[in-house]
Amino acid sequence: MGELLVVLVGNLLTMIDMTELFGGRRRRSRAAAFARGARVEIPCVLRSEELTAGRERRGRLAVGDGPVRWLPVGGEAAEFDPGELTMQAVDRQAVTFHAAGGRTELRLHPDEAPLVLRALAS
């Protein structure tokens, strides 16, 4: 009986996505801080002719008080103003937006897309 319980618990633990579990907590914390008016940094992947030389780069978008800023990993911050964004694809892990002209592509978690879109609209 004890061995069966160990096998069941082991199988259940492999089904739990720990990254998603802890990532959800961080996303909720960022959303709450944004709602309070604080500036937050949203993890994303950006491909832009101007900001990333046309290559995909991981980084963060700083949203909140002031203009939206692109904060690349190991690079210099720059203002991010892509213009109108159109949603291209969405799944549980990411939503992809393209800017007019297709020169910019932005991917981020679907839970955080409303924060970024609100910040870009203001």
# chains A, B, ... in the order shown; residues from 1 in each chain; ligands from 1
$ residues_around --residues "region 114-121 of chain A" --least-positions-apart "6" --cutoff "7 Å" --atoms "only C-alpha atoms" --output "number ranges by chain"
A: 63-64, 68
$ write_last_selection --atoms "N, CA, C and O atoms" --output "mmCIF file, in the first residue's frame"
data_model
loop_
_atom_site.group_PDB
_atom_site.id
_atom_site.type_symbol
_atom_site.label_atom_id
_atom_site.label_comp_id
_atom_site.auth_asym_id
_atom_site.auth_seq_id
_atom_site.Cartn_x
_atom_site.Cartn_y
_atom_site.Cartn_z
ATOM 1 N N VAL A 63 7.008 49.143 -17.497
ATOM 2 C CA VAL A 63 5.741 49.846 -17.687
ATOM 3 C C VAL A 63 5.312 50.451 -16.366
ATOM 4 O O VAL A 63 5.679 49.990 -15.301
ATOM 5 N N GLY A 64 4.506 51.487 -16.465
ATOM 6 C CA GLY A 64 4.025 52.178 -15.279
ATOM 7 C C GLY A 64 4.162 53.664 -15.489
ATOM 8 O O GLY A 64 3.893 54.172 -16.582
ATOM 9 N N VAL A 68 7.135 53.622 -21.807
ATOM 10 C CA VAL A 68 7.511 52.205 -21.786
ATOM 11 C C VAL A 68 8.959 52.108 -22.261
ATOM 12 O O VAL A 68 9.349 52.723 -23.248
#
$ residues_around --residues "Leu71 (chain A)" --least-positions-apart "3" --cutoff "12 Å" --atoms "only C-alpha atoms" --output "number ranges by chain"
A: 40-46, 51-52, 57-63, 68, 74-80
$ residues_around --residues "Met87 (chain A)" --least-positions-apart "6" --cutoff "7 Å" --atoms "only C-alpha atoms" --output "number ranges by chain"
A: 96-98
$ write_last_selection --atoms "C-alpha atoms" --output "mmCIF file, in the first residue's frame"
data_model
loop_
_atom_site.group_PDB
_atom_site.id
_atom_site.type_symbol
_atom_site.label_atom_id
_atom_site.label_comp_id
_atom_site.auth_asym_id
_atom_site.auth_seq_id
_atom_site.Cartn_x
_atom_site.Cartn_y
_atom_site.Cartn_z
ATOM 1 C CA THR A 96 2.651 37.323 -30.026
ATOM 2 C CA PHE A 97 2.043 40.836 -31.325
ATOM 3 C CA HIS A 98 3.282 42.409 -34.556
#
$ residues_around --residues "Val95 (chain A)" --least-positions-apart "4" --cutoff "10 Å" --atoms "only C-alpha atoms" --output "ChimeraX atom specification"
/A:44,87-91,106-113
$ select_by_dssp --residues "region 1-114 of chain A" --states "strand (DSSP E)" --output "ChimeraX atom specification"
/A:40-48,56-63,69-72,78-79,85-90,95-99,104-108
$ select_by_dssp --residues "region 4-114 of chain A" --states "helix (DSSP H, G or I)" --output "ChimeraX atom specification"
/A:4-15,18-35,49-52,100-102,113-114
$ atom_distance --atom1 "CA of Gly24 (chain A)" --atom2 "CA of Val73 (chain A)"
21.7 Å
